[in-house]
Amino acid sequence: MVSDILQLHGFHNVALLGAGGKSTLQTILEHESSHLGETCRFYELGASGGNCLMLYGPESLPLPPGTDCAVVVAGLGALDWPIREVCANYAQRQEFAADPDRACDEHDLLYIVRETLHAAGLPKAQLRVLLSQADTGALHVRASDLLRALQDEGYCAAALSLLA
């Protein structure tokens with residue numbers, strides 16, 4: 001179950017941040033929570049316009065009162081595509097705005113995830129990362145270094161496909 005993978009048991013108000021399949025994730029988590037008889041509210045913050053990634057600016061991510069966990073959702077499908085095509089609000093980072101046609105790489109994806117984790121303002125124990133769109137073995141391999149980096153920093157992080 002996705003809630004087990006993300007270690008969400010015990011949380012009651014979970015914010016889904018970023019992009020890369022938040023609605024699908026919300027539906028899955030709500031179904032799992034209901035099936036287990038748990039009382040948990042999942043809500044999405046920020047509209048990504050269908051992009052795989054979303055860059056939050058300073059002070060642009062106020063979590064509602066009572067949020068006890070935030071899951072950063074980032075789509076691996078962004079890799080190798082022009083940053084302007086895959087990242088909502090990319091122009092907030094000077095490097096992205098200066099060259100919006102350059103391909104998004106693992107460093108860019110990790111930067112965006114870290115910025116979102118920081119913007120959430122919760123302790124690490126209340127933060128999770130889901131690298132979604134891990135639909136192929138090649139994407140799982142590319143995700144492994146990203147996951148290792150995040151886990152080495154003390155975050156609970158996983159990569160998986162949200163496809164049925």
# chains A, B, ... in the order shown; residues from 1 in each chain; ligands from 1
>>> residues_around(residues="stretch 146-153 of chain A", least_positions_apart="2", cutoff="9 Å", atoms="only C-alpha atoms", output="list in words")
Glu106, His107, Leu109, Leu110, Arg114, Val129, Leu131, Arg142, Ala143, Ser144, Tyr155, Cys156, Ala157, Ala158 and Ala159 of chain A
>>> closest_atom_pairs(of="stretch 45-79 of chain A", to="stretch 8-19 of chain A", cutoff="7 Å", atoms="only C-alpha atoms", output="JSON lines")
{"residue": "A:Leu45", "atom": "CA", "partner": "A:Leu17", "partner_atom": "CA", "distance": 5.5}
{"residue": "A:Gly46", "atom": "CA", "partner": "A:Leu17", "partner_atom": "CA", "distance": 6.8}
{"residue": "A:Ser48", "atom": "CA", "partner": "A:Ala19", "partner_atom": "CA", "distance": 5.7}
{"residue": "A:Asn51", "atom": "CA", "partner": "A:Ala19", "partner_atom": "CA", "distance": 6.4}
{"residue": "A:Cys52", "atom": "CA", "partner": "A:Ala19", "partner_atom": "CA", "distance": 5.3}
{"residue": "A:Leu53", "atom": "CA", "partner": "A:Ala19", "partner_atom": "CA", "distance": 5.0}
{"residue": "A:Met54", "atom": "CA", "partner": "A:Gly18", "partner_atom": "CA", "distance": 4.9}
{"residue": "A:Gly66", "atom": "CA", "partner": "A:Asn13", "partner_atom": "CA", "distance": 6.5}
{"residue": "A:Thr67", "atom": "CA", "partner": "A:Asn13", "partner_atom": "CA", "distance": 4.9}
{"residue": "A:Asp68", "atom": "CA", "partner": "A:Asn13", "partner_atom": "CA", "distance": 5.6}
{"residue": "A:Cys69", "atom": "CA", "partner": "A:Val14", "partner_atom": "CA", "distance": 4.8}
{"residue": "A:Ala70", "atom": "CA", "partner": "A:Ala15", "partner_atom": "CA", "distance": 4.6}
{"residue": "A:Val71", "atom": "CA", "partner": "A:Leu16", "partner_atom": "CA", "distance": 5.0}
{"residue": "A:Val72", "atom": "CA", "partner": "A:Leu17", "partner_atom": "CA", "distance": 4.7}
{"residue": "A:Val73", "atom": "CA", "partner": "A:Gly18", "partner_atom": "CA", "distance": 5.1}
{"residue": "A:Ala74", "atom": "CA", "partner": "A:Ala19", "partner_atom": "CA", "distance": 5.6}
{"residue": "A:Gly75", "atom": "CA", "partner": "A:Ala19", "partner_atom": "CA", "distance": 6.7}
>>> residues_around(residues="stretch 31-37 of chain A", least_positions_apart="2", cutoff="10 Å", atoms="only C-alpha atoms", output="list in words")
Met1, Val2, Ser3, Asp4, Leu8, His9, Leu25, Gln26, Thr27, Ile28, Leu29, Thr39, Cys40, Arg41 and Phe42 of chain A
>>> select_by_dssp(residues="stretch 32-128 of chain A", states="strand (DSSP E)", output="JSON, numbers by chain")
{"A": [41, 42, 43, 44, 45, 53, 54, 69, 70, 71, 72, 73, 74, 75, 87, 88, 127, 128]}
>>> residues_around(residues="A:Ile83", least_positions_apart="5", cutoff="6 Å", atoms="only C-alpha atoms", output="MDAnalysis selection string")
chainID A and resid 100 103:104
>>> write_last_selection(atoms="C-alpha atoms", output="mmCIF file, in the first residue's frame")
data_model
loop_
_atom_site.group_PDB
_atom_site.id
_atom_site.type_symbol
_atom_site.label_atom_id
_atom_site.label_comp_id
_atom_site.auth_asym_id
_atom_site.auth_seq_id
_atom_site.Cartn_x
_atom_site.Cartn_y
_atom_site.Cartn_z
ATOM 1 C CA PRO A 100 14.410 27.534 -19.983
ATOM 2 C CA ALA A 103 16.905 19.678 -20.273
ATOM 3 C CA CYS A 104 15.788 19.012 -16.726
#
>>> closest_residue(among="A:Asp145, A:Glu85, A:Glu95, A:Glu59", to="A:Thr116", atoms="only C-alpha atoms")
A:Glu59
>>> select_by_dssp(residues="stretch 38-164 of chain A", states="helix (DSSP H, G or I)", output="PyMOL selection string")
chain A and resi 76-78+83-86+90-92+94-98+106-120+124-126+137-152
